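These notes are about the structure you will find just below.
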Amino acid sequence: MAAPRTMTVESPLLHDALEGRARLLVDGGMGTLIQEAGLAAIHEVPDLLNLTHPQAVRQLQRRYVEAGADCITTNTFNANRLKLEGSGATVAEVYAAAAAIAREAGAPLVAGDIGPTGALLQPLGPLGFDEAYDIFAEQARAAEAAGCQLIVVETFSDLLEAKAALLACLENTALPVLCTMTFGEDGRTFMGTTPAIAAATLSAIGASAVGLNCSLGPAELAELLRQMAPYARCPLMVQPNAGLPRVNERGETVFDVGPDEFSAAMEGILAAGAAVVGGCCGTTPAHIARLRQLLAEAPFAAPAYRPSFLVTSAQAMAELRPDSPNIAVIGERINPTGKKRLKAALLAGDFDVAVAEAVAQVGAGADILDVNVGVPGLDEPAVLRAVAQRLQATVTAPLQLDSSSPEALEAACRTYAGRPLINSVTGKAESLAAVLPVAARYGATVLGLTLDEGGIPPTAQERFAIARRIVEAAEAAGIPQEDIAIDCLVMAAATNQDEIPQILEALRLCKQQLGVRTVLGVSNVSFGLPRRPVLNAAFLTAALASGLDMPILNPLEPRYQDALRAFKVINGQDGKCLAYLEAYAGTEEAAPVAAVGSAAISGAERLTDDSPRFSAEEAAVLYQAVLTGRPDGAAAAATALLAQQEPVAIAGDVLSPALDEVGRRYDAGTYFLPQLMAAAEAAKAAFDVLSAASGQHADVPAAASAPIVIATVEGDIHDIGKNIVRMLLENYGFAVRDLGRDVAPQAVLDAVRETGARLVGLSALMTTTVGAMERTIALLRREAPGVSVMVGGAVLTADYAAQIGADFYVEDAAASVKVAKQLL
């Protein structure tokens with residue numbers, strides 16, 4: 001749970017629903033009714049209808065009230081300062097009008113609706129976290145001032161943006177906040193977040209309900225909800241679409257899942273534990289009325305929350321379940337202590353060394369990465385935050401944020417996309433008072449060290465007593481037992497040999513009597529002794545046998561890997577001994593992890609076997625800089641290679657294969673959009689070096705002759721997907737003419753004629769604007785028959801794209817690059 005917060009809940013029904021004792025029915029697709037009523041074309045931002053056509057909006061919402069909806073969401077999905085810019089209306093005016101309309105329509109409960117900003121957050125886009133927070137805070141305050149009884153934060157696909165919105169609502173209002181995200185057919189958001197990660201993160205921060213909406217129909221969302229249920233500490237909310245859209249014979253966007261079929265499919269959602277239900281795109285008052293009947297008939301089912309220890313990034317989760325003996329390895333190498341190169345890089349503002357360490361450790365099997373930037377003279381809050389953001393754009397592994405500064409921990413936690421592990425809090429009163437509120441506020445798991453004002457005690461009982469004090473203080477601060485880990489602090493055998501058995505005994509006591517997870521920094525035991533890995537590996541084995549859950553160690557050390565692989569066979573974590581066999585069966589594919597450091601060189605050797613024109617080692621540096629998303633490193637490596645070979649050869653023999661590998665990993669689901677974008681940015685930095693040296697584009701020569709024209713279609717103001725496509729195409733070397741959002745068909749045609757473009761990309765997020773996309777395609781077919789059109793957007797499918805005459809359907813930004821390569 002999150003830090004204590006005073007919350008105003010006046011409605012008994014809402015109170016019972018948020019306590020998981022009742023169900024709440026919210027309305028359906030407001031955009032669907034606006035389109036049916038012929039109101040969609042009046043304003044670029046439909047929310048302005050609250051000011052200009054209040055009676056029409058009231059009549060539409062009244063239909064949902066009459067259908068039995070308990071809660072009406074305000075017509076404010078787009079009512080943020082970015083989208084209202086130039087309209088003459090303020091955020092406060094739109095929310096005030098919208099809430100008044102919903103009340104006049106007879107809504108028992110009025111929920112202030114908040115949608116995404118439409119902009120990408122840094123580092124992928126221009127919008128900073130703090131600016132996004134301010135935008136959402138303005139909306140949250142406006143909703144509360146307008147008399148809304150709750151807030152619904154909906155249709156988010158970026159977990160970090162959803163976190164910014166949720167924090168803004170929690171910290172600026174006393175209203176309950178319900179938060180939903182939208183997922184694709186692959187079960188992830190376009191940023192790679194799973195339902196489990198979304199539920200774990202948002203419910204731990206303090207959402208009153210979490211769930212799913214939009215994109216898919218109720219049958220598809222039922223399975224995603226089942227994935228979410230074990231990780232949600234609050235009630236579940238689901239608002240599906242009425243199936244997937246298509247274009248009918250009259251050119252209208254329609255949804256085929258009718259009220260009866262919708263209701264039947266919602267039975268699975270209710271059985272999975274949903275307490276707050278409604279509809280999204282394509283759902284009508286008839287769907288809500290049928291759902292009202294279902295709620296009266298269906299038995300109540302509570303979701304099965306599972307209290308696991310969780311550390312997550314936006315794309316990956318390290319989970320230690322209560323019924324599992326599994327362990328998780330914490331990589332220790334991103335720490336400047338004793339590492340001159342990393343220390344110098346941090347002081348110089350160069351994070352590439354930290355990225356390289358992260359990549360190597362993840363490749364060697366680290367489940368969590370410890371991140372410490374404690375160098376005297378650094379602005380630690382700013383640097384820890386920046387390094388954590390950079391790592392999240394490069395590797396998917398969750399992070400352990402390691403600092404003795406509460407300010408640094410808070411700065412990094414606030415902008416972390418997921419649930420980090422805070423390292424650390426101690427038994428000192430000052431530490432408990434400063435660190436535990438940070439962990440509670442941001443839903444982080446926390447690591448407690450068994451030391452207090454008296455230092456590190458020598459006995460197991462004394463260590464255990466401090467651990468108990470930390471656990472009690474954490475629970476009092478709103479941090480449940482499953483979110484706590486204890487480090488009983490390893491001492492050097494050379495100086496404190498008598499304490500080694502005491503440490504292991506303290507670890508057993510914490511595990512058995514406090515029920516918390518345990519951590520140890522393994523390598524401390526051998527300090528001051530020769531052949532340290534020998535002693536470290538033996539101590540690791542003893543600690544694992546004593547109940548150690550999360551060893552902090554160097555995962556590239558072969559002796560550690562031997563011990564870990566063997567233990568995972570013994571505790572059953574390595575099912576059928578597959579990982580053990582892969583490592584030791586003697587096949588070529590089963591090289592031990594000690595060889596990980598040479599993987600880059602072997603990759604480069606494969607690239608250059610047929611053309612030994614430059615050093616495999618130097619080629620590997622460039623190849624790996626692209627794979628790991630390091631623009632500075634890629635530019636430097638490209639510069640070094642220019643002394644040996646022509647730019648075109650470097651592009652063809654190293655950069656192109658590197659980008660192919662990035663694409664392969666993305667298709668395989670081991671890379672996600674942040675990693676894809678970072679790799680493309682690194683490749684672009686190298687291409688820029690090669691282009692400058694050659695005086696021309698060294699990557700895609702055809703790209704310079706005619707840009708790709710892209711646009712969000714007329715009437716649609718959502719351009720986040722289009723912006724991602726633009727950045728990715730540009731990073732792959734293609735010239736792009738971006739016409740922006742709400743672009744008329746004639747403007748697209750004019751741009752094609754002006755530039756000689758051979759490829760046009762069109763985006764639509766709203767079902768109400770797919771007709772404009774079809775009209776644009778039809779105009780291009782008549783007036784520019786040689787141009788090809790690719791289309792994308794949340795409301796589109798491959799069949800739908802074919803129906804409206806597109807040449808290519810791209811389900812994500814990476815697919816647009818494939819189309820461009822194929823065509824150009």
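All residue names refer to the structure tokens as shown: chains lettered A, B, ... in order, residues numbered from 1 in each chain, ligands numbered from 1 in order.
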Shell around Glu646 (chain A) at 12 Å using only C-alpha atoms, local window under 4 positions removed, as a compact mmCIF listing (two decimals) with C-alpha atoms, in the first residue's frame:
```
# COMPACT_ATOMS: atom_id res chain seq x y z
CA ARG A 613 39.34 -5.08 -43.59
CA PHE A 614 39.33 -3.89 -40.02
CA ALA A 638 32.60 4.84 -35.94
CA THR A 639 35.25 7.57 -35.87
CA ALA A 640 37.92 5.03 -34.89
CA LEU A 641 36.91 2.63 -37.67
CA LEU A 642 37.13 5.37 -40.29
CA ILE A 650 31.44 0.22 -42.05
CA ALA A 651 27.74 0.88 -42.56
CA GLY A 652 27.21 -2.34 -44.49
CA ASP A 653 29.47 -4.67 -42.50
CA VAL A 654 28.78 -3.48 -38.95
CA VAL A 689 29.79 10.35 -38.39
CA LEU A 690 30.05 8.23 -41.52
CA SER A 691 27.92 10.65 -43.53
CA ALA A 692 30.07 13.59 -42.49
CA ALA A 693 33.19 11.69 -43.53
CA SER A 694 31.76 10.70 -46.91
CA GLY A 695 29.90 13.89 -47.66
CA ALA A 698 26.20 6.41 -45.75
```
When you look at Arg321 (chain A) with a cut-off of 7 Å (counting only C-alpha atoms), what residues show up, excluding the ones that are within fewer than 2 positions of it in the same chain? I need them as a tab-separated table (two decimals) with C-alpha atoms, in the first residue's frame.
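Everything below was put into part_37.tsv:
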```tsv
chain	number	residue	atom	x	y	z
A	308	SER	CA	4.94	-11.68	-3.44
A	309	PHE	CA	8.18	-9.73	-3.13
A	319	GLU	CA	9.23	-12.01	-8.34
A	323	ASP	CA	5.27	-20.50	-2.02
A	324	SER	CA	8.49	-20.62	-4.03
```
Residues at most 8 Å from Leu507 (chain A), counting only C-alpha atoms, excluding those fewer than 3 positions away in the same chain, as JSON, numbers by chain? {"A": [487, 488, 503, 504, 510, 511, 518, 546, 547, 548]}
Deliver the residues from the most recent selection as a file, using N, CA and C atoms, as a short mmCIF file (atom, residue, chain, number, x, y, z; two decimals), in the first residue's frame.
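Output file result00.cif follows:
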```
data_model
loop_
_atom_site.label_atom_id
_atom_site.label_comp_id
_atom_site.auth_asym_id
_atom_site.auth_seq_id
_atom_site.Cartn_x
_atom_site.Cartn_y
_atom_site.Cartn_z
N ASP A 487 19.01 -7.24 5.08
CA ASP A 487 20.41 -7.57 4.86
C ASP A 487 21.08 -7.64 6.23
N CYS A 488 21.54 -8.83 6.61
CA CYS A 488 22.16 -9.03 7.93
C CYS A 488 23.64 -8.67 7.94
N ILE A 503 25.92 -14.37 11.34
CA ILE A 503 25.24 -13.76 10.19
C ILE A 503 24.25 -14.74 9.58
N LEU A 504 24.70 -15.97 9.40
CA LEU A 504 23.82 -16.99 8.81
C LEU A 504 22.64 -17.31 9.73
N CYS A 510 15.43 -14.09 10.52
CA CYS A 510 14.63 -13.11 9.77
C CYS A 510 13.66 -13.81 8.83
N LYS A 511 14.14 -14.83 8.20
CA LYS A 511 13.31 -15.56 7.24
C LYS A 511 12.16 -16.28 7.95
N THR A 518 15.50 -12.06 2.25
CA THR A 518 16.84 -11.80 2.80
C THR A 518 17.84 -11.49 1.69
N SER A 546 21.04 -21.44 3.97
CA SER A 546 20.47 -20.87 5.19
C SER A 546 19.24 -20.02 4.92
N GLY A 547 18.87 -19.87 3.65
CA GLY A 547 17.66 -19.13 3.32
C GLY A 547 17.88 -17.81 2.62
N LEU A 548 19.07 -17.55 2.07
CA LEU A 548 19.33 -16.33 1.34
C LEU A 548 18.49 -16.29 0.07
#
```
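Checking A:Ile101, A:Val371, A:Leu24, A:Leu401 one by one against Thr52 (chain A), counting only C-alpha atoms, you find the shortest gap at A:Ile101.
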Any chance you could list, as a list in words, the residues in region 653-756 of chain A that come up strand (DSSP E) when DSSP is run on the backbone?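 Restricting region 653-756 of chain A to strand (DSSP E) produces Ile708, Val709, Ile710, Ala711, Thr712, Val736, Arg737 and Asp738 of chain A.
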For the residues selected in the previous step, produce a file with N, CA and C atoms as a short mmCIF file (atom, residue, chain, number, x, y, z; two decimals), in the first residue's frame.
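Written file, selection02.cif:
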```cif
data_model
loop_
_atom_site.label_atom_id
_atom_site.label_comp_id
_atom_site.auth_asym_id
_atom_site.auth_seq_id
_atom_site.Cartn_x
_atom_site.Cartn_y
_atom_site.Cartn_z
N ILE A 708 9.63 10.39 -46.49
CA ILE A 708 8.38 9.70 -46.18
C ILE A 708 7.45 10.73 -45.54
N VAL A 709 6.26 10.87 -46.05
CA VAL A 709 5.29 11.81 -45.50
C VAL A 709 4.44 11.07 -44.47
N ILE A 710 4.35 11.63 -43.25
CA ILE A 710 3.52 11.01 -42.22
C ILE A 710 2.59 12.06 -41.61
N ALA A 711 1.45 11.59 -41.11
CA ALA A 711 0.46 12.51 -40.55
C ALA A 711 -0.53 11.74 -39.70
N THR A 712 -1.07 12.41 -38.68
CA THR A 712 -2.27 11.93 -38.01
C THR A 712 -3.46 12.52 -38.75
N VAL A 736 12.04 12.31 -43.23
CA VAL A 736 10.61 12.27 -42.91
C VAL A 736 10.04 13.68 -42.98
N ARG A 737 8.89 13.83 -43.64
CA ARG A 737 8.12 15.07 -43.60
C ARG A 737 6.92 14.82 -42.69
N ASP A 738 6.96 15.38 -41.50
CA ASP A 738 5.90 15.18 -40.52
C ASP A 738 4.90 16.32 -40.63
#
```
Residue list (helix (DSSP H, G or I), DSSP) for region 628-709 of chain A, as number ranges by chain: A: 631-641, 647-668, 673-694, 701-704
Any idea what's packed within 12 Å of Pro785 (chain A), counting only C-alpha atoms, ignoring anything in its chain fewer than 6 positions away? Could you give it as a tab-separated table (two decimals) with C-alpha atoms, in the first residue's frame?
```
chain	number	residue	atom	x	y	z
A	749	LEU	CA	-1.70	15.07	-51.18
A	752	VAL	CA	3.28	14.14	-51.65
A	753	ARG	CA	3.30	16.29	-54.76
A	756	GLY	CA	7.79	13.33	-54.59
A	757	ALA	CA	7.22	10.95	-51.69
A	758	ARG	CA	6.82	7.28	-52.52
A	759	LEU	CA	5.51	6.32	-49.07
A	760	VAL	CA	2.88	7.92	-46.83
A	777	ILE	CA	-6.25	7.04	-49.02
A	778	ALA	CA	-8.96	7.39	-51.64
A	779	LEU	CA	-7.69	10.85	-52.61
A	807	ASP	CA	-1.02	-0.99	-48.84
```
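Across the model, the gap from CA of Asn335 (chain A) to CA of Val525 (chain A) is 18.0 Å.
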Residue with smallest distance to Val725 (chain A) - pool A:Gly125, A:Gly805, A:Pro176, A:Gly669, counting only C-alpha atoms: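 The closest residue to Val725 (chain A) is A:Gly125.
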Which polymer residues have any atom within 7 Å of an atom of Gly418 (chain A), counting only C-alpha atoms, with same-chain residues fewer than 6 positions away left out, as a PyMOL selection string? chain A and resi 201+312-314
Using only N, CA and C atoms, please write the residues we just selected to a file, as a PDB file, in the first residue's frame.
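Output (result.pdb):
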```pdb
ATOM      1  N   THR A 201       2.659  -2.057  -9.971  1.00  0.00           N
ATOM      2  CA  THR A 201       3.198  -0.710  -9.816  1.00  0.00           C
ATOM      3  C   THR A 201       2.136   0.280  -9.363  1.00  0.00           C
ATOM      4  N   THR A 312      10.260  -4.431 -10.172  1.00  0.00           N
ATOM      5  CA  THR A 312       9.938  -4.414 -11.592  1.00  0.00           C
ATOM      6  C   THR A 312      10.579  -3.222 -12.287  1.00  0.00           C
ATOM      7  N   SER A 313      10.790  -3.390 -13.582  1.00  0.00           N
ATOM      8  CA  SER A 313      11.002  -2.261 -14.476  1.00  0.00           C
ATOM      9  C   SER A 313       9.681  -2.068 -15.202  1.00  0.00           C
ATOM     10  N   ALA A 314       9.676  -1.293 -16.278  1.00  0.00           N
ATOM     11  CA  ALA A 314       8.452  -1.172 -17.065  1.00  0.00           C
ATOM     12  C   ALA A 314       8.180  -2.424 -17.876  1.00  0.00           C
TER      13      ALA A 314
END
```
Which one is closest to Ala17 (chain A): A:Ala229, A:Ala119, A:Met237, A:Ile456? Count only C-alpha atoms. A:Met237
What does the distance from CA of Leu170 (chain A) to CA of Gly86 (chain A) come to in Å, to one decimal?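 CA of Gly86 (chain A) lies 28.8 Å from CA of Leu170 (chain A).
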So that I can check the surroundings of Val362 (chain A), please list as a list in words every protein, DNA and RNA residue that reaches within 12 Å of it, counting only C-alpha atoms and ignoring chain neighbours fewer than 5 positions away.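 Counting only C-alpha atoms, the residues come to Ala316, Val329, Ile330, Gly331, Glu332, Arg333, Ile334, Val355, Ala356, Glu357, Asp367, Ile368, Leu369, Asp370, Leu391, Thr394, Val395, Thr396, Ala397, Pro398, Leu399, Asn554, Pro555, Leu556, Val593, Val596, Gly597, Thr628 and Thr670 of chain A.
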Only C-alpha atoms, please: the residues just picked out, written as a PDB file, in the first residue's frame.
```pdb
ATOM      1  CA  ALA A 316      10.396  -7.063 -16.539  1.00  0.00           C
ATOM      2  CA  VAL A 329      20.569 -12.336  -8.215  1.00  0.00           C
ATOM      3  CA  ILE A 330      21.401  -8.661  -7.689  1.00  0.00           C
ATOM      4  CA  GLY A 331      24.300  -7.472  -9.835  1.00  0.00           C
ATOM      5  CA  GLU A 332      26.713  -5.308  -7.868  1.00  0.00           C
ATOM      6  CA  ARG A 333      28.983  -3.782 -10.517  1.00  0.00           C
ATOM      7  CA  ILE A 334      27.348  -0.386 -11.092  1.00  0.00           C
ATOM      8  CA  VAL A 355      25.258   0.996 -19.396  1.00  0.00           C
ATOM      9  CA  ALA A 356      28.004  -1.434 -20.444  1.00  0.00           C
ATOM     10  CA  GLU A 357      28.136  -2.861 -16.924  1.00  0.00           C
ATOM     11  CA  ASP A 367      17.807 -10.447 -12.172  1.00  0.00           C
ATOM     12  CA  ILE A 368      18.133  -7.018 -10.534  1.00  0.00           C
ATOM     13  CA  LEU A 369      20.823  -4.358 -10.982  1.00  0.00           C
ATOM     14  CA  ASP A 370      22.168  -2.363  -8.061  1.00  0.00           C
ATOM     15  CA  LEU A 391      19.477   2.258 -17.856  1.00  0.00           C
ATOM     16  CA  THR A 394      18.785   0.202 -22.414  1.00  0.00           C
ATOM     17  CA  VAL A 395      18.077  -2.907 -20.342  1.00  0.00           C
ATOM     18  CA  THR A 396      14.817  -4.343 -19.097  1.00  0.00           C
ATOM     19  CA  ALA A 397      16.098  -5.593 -15.731  1.00  0.00           C
ATOM     20  CA  PRO A 398      14.602  -3.967 -12.605  1.00  0.00           C
ATOM     21  CA  LEU A 399      16.854  -1.660 -10.584  1.00  0.00           C
ATOM     22  CA  ASN A 554      29.325  -9.984  -9.507  1.00  0.00           C
ATOM     23  CA  PRO A 555      27.357 -12.228 -11.877  1.00  0.00           C
ATOM     24  CA  LEU A 556      30.276 -12.459 -14.303  1.00  0.00           C
ATOM     25  CA  VAL A 593      29.060 -17.393 -18.580  1.00  0.00           C
ATOM     26  CA  VAL A 596      30.081 -13.427 -21.921  1.00  0.00           C
ATOM     27  CA  GLY A 597      32.705 -10.717 -22.066  1.00  0.00           C
ATOM     28  CA  THR A 628      23.158  -1.283 -26.052  1.00  0.00           C
ATOM     29  CA  THR A 670      13.581  -9.457 -25.670  1.00  0.00           C
TER      30      THR A 670
END
```
Nearby residues (only C-alpha atoms) at most 12 Å from region 798-800 of chain A, same-chain spacing under 5 positions excluded, as a JSON list (two decimals) with N, CA and C atoms, in the first residue's frame:
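Result went into part07.json, see below:
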```json
[["chain", "number", "residue", "atom", "x", "y", "z"],
["A", 244, "LEU", "N", -13.31, -5.58, -32.06],
["A", 244, "LEU", "CA", -12.41, -4.81, -32.92],
["A", 244, "LEU", "C", -13.20, -4.10, -34.01],
["A", 245, "PRO", "N", -12.76, -2.92, -34.42],
["A", 245, "PRO", "CA", -13.53, -2.15, -35.39],
["A", 245, "PRO", "C", -13.39, -2.68, -36.82],
["A", 246, "ARG", "N", -14.36, -2.35, -37.64],
["A", 246, "ARG", "CA", -14.27, -2.61, -39.08],
["A", 246, "ARG", "C", -15.05, -1.52, -39.81],
["A", 247, "VAL", "N", -14.90, -1.46, -41.11],
["A", 247, "VAL", "CA", -15.63, -0.48, -41.92],
["A", 247, "VAL", "C", -16.77, -1.20, -42.62],
["A", 248, "ASN", "N", -17.97, -0.70, -42.47],
["A", 248, "ASN", "CA", -19.12, -1.34, -43.12],
["A", 248, "ASN", "C", -19.27, -0.86, -44.58],
["A", 251, "GLY", "N", -18.99, 2.75, -45.39],
["A", 251, "GLY", "CA", -17.76, 3.44, -45.02],
["A", 251, "GLY", "C", -17.73, 3.91, -43.58],
["A", 252, "GLU", "N", -18.60, 3.37, -42.73],
["A", 252, "GLU", "CA", -18.67, 3.77, -41.33],
["A", 252, "GLU", "C", -17.87, 2.78, -40.47],
["A", 253, "THR", "N", -17.26, 3.31, -39.42],
["A", 253, "THR", "CA", -16.56, 2.46, -38.47],
["A", 253, "THR", "C", -17.57, 1.84, -37.51],
["A", 254, "VAL", "N", -17.59, 0.52, -37.46],
["A", 254, "VAL", "CA", -18.55, -0.17, -36.61],
["A", 254, "VAL", "C", -17.84, -1.25, -35.79],
["A", 255, "PHE", "N", -18.50, -1.65, -34.70],
["A", 255, "PHE", "CA", -18.02, -2.73, -33.84],
["A", 255, "PHE", "C", -19.07, -3.82, -33.83],
["A", 767, "THR", "N", -11.75, 5.99, -33.17],
["A", 767, "THR", "CA", -12.63, 5.32, -34.14],
["A", 767, "THR", "C", -13.37, 6.34, -34.99],
["A", 770, "VAL", "N", -11.30, 7.25, -38.40],
["A", 770, "VAL", "CA", -10.86, 6.29, -39.41],
["A", 770, "VAL", "C", -11.47, 6.61, -40.77],
["A", 771, "GLY", "N", -12.65, 7.21, -40.76],
["A", 771, "GLY", "CA", -13.25, 7.63, -42.02],
["A", 771, "GLY", "C", -12.38, 8.65, -42.74],
["A", 773, "MET", "N", -9.17, 8.79, -42.53],
["A", 773, "MET", "CA", -8.05, 8.02, -43.06],
["A", 773, "MET", "C", -8.44, 7.38, -44.40],
["A", 774, "GLU", "N", -9.65, 6.82, -44.45],
["A", 774, "GLU", "CA", -10.11, 6.20, -45.69],
["A", 774, "GLU", "C", -10.24, 7.24, -46.81],
["A", 790, "MET", "N", 1.03, 3.32, -45.74],
["A", 790, "MET", "CA", 1.02, 2.44, -44.57],
["A", 790, "MET", "C", 0.21, 3.13, -43.49],
["A", 791, "VAL", "N", -0.55, 2.34, -42.72],
["A", 791, "VAL", "CA", -1.43, 2.90, -41.70],
["A", 791, "VAL", "C", -1.21, 2.17, -40.38],
["A", 792, "GLY", "N", -1.48, 2.88, -39.29],
["A", 792, "GLY", "CA", -1.36, 2.29, -37.97],
["A", 792, "GLY", "C", -2.19, 3.07, -36.98],
["A", 793, "GLY", "N", -2.39, 2.47, -35.81],
["A", 793, "GLY", "CA", -3.17, 3.11, -34.76],
["A", 793, "GLY", "C", -3.90, 2.07, -33.95],
["A", 805, "GLY", "N", -8.26, 0.38, -47.93],
["A", 805, "GLY", "CA", -7.42, 0.59, -49.10],
["A", 805, "GLY", "C", -5.96, 0.82, -48.86],
["A", 806, "ALA", "N", -5.46, 0.57, -47.64],
["A", 806, "ALA", "CA", -4.05, 0.78, -47.35],
["A", 806, "ALA", "C", -3.21, -0.33, -47.99],
["A", 807, "ASP", "N", -1.95, 0.01, -48.31],
["A", 807, "ASP", "CA", -1.02, -0.99, -48.84],
["A", 807, "ASP", "C", -0.38, -1.81, -47.74],
["A", 808, "PHE", "N", -0.13, -1.16, -46.60],
["A", 808, "PHE", "CA", 0.55, -1.83, -45.49],
["A", 808, "PHE", "C", -0.13, -1.46, -44.17],
["A", 809, "TYR", "N", -0.28, -2.46, -43.30],
["A", 809, "TYR", "CA", -0.71, -2.23, -41.93],
["A", 809, "TYR", "C", 0.50, -2.42, -41.03],
["A", 810, "VAL", "N", 0.82, -1.43, -40.22],
["A", 810, "VAL", "CA", 1.96, -1.54, -39.32],
["A", 810, "VAL", "C", 1.42, -1.53, -37.88],
["A", 811, "GLU", "N", 1.69, -2.62, -37.18],
["A", 811, "GLU", "CA", 1.14, -2.73, -35.83],
["A", 811, "GLU", "C", 1.95, -1.96, -34.81],
["A", 812, "ASP", "N", 3.19, -1.58, -35.17],
["A", 812, "ASP", "CA", 4.00, -0.79, -34.27],
["A", 812, "ASP", "C", 5.04, -0.02, -35.08]]
```
Expressed in Å to a single decimal, how great is the separation between CA of Val743 (chain A) and CA of Ser157 (chain A)? 23.6 Å
Which one is closest to Ile486 (chain A): A:Arg21, A:Arg726, A:Arg508, A:Arg781? Count only C-alpha atoms.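 For Ile486 (chain A), the nearest of the given residues is A:Arg508.
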Nearest to Pro325 (chain A) by atom-to-atom distance, counting only C-alpha atoms, from A:Val45, A:Leu221, A:Ile570, A:Cys281: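 Checking each candidate against Pro325 (chain A), we get A:Ile570 as the closest.
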With distances taken over only C-alpha atoms, which of A:Asp750, A:Leu384, A:Gln803, A:Val435 is nearest to Ala412 (chain A)?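 Checking each candidate against Ala412 (chain A), we get A:Leu384 as the closest.
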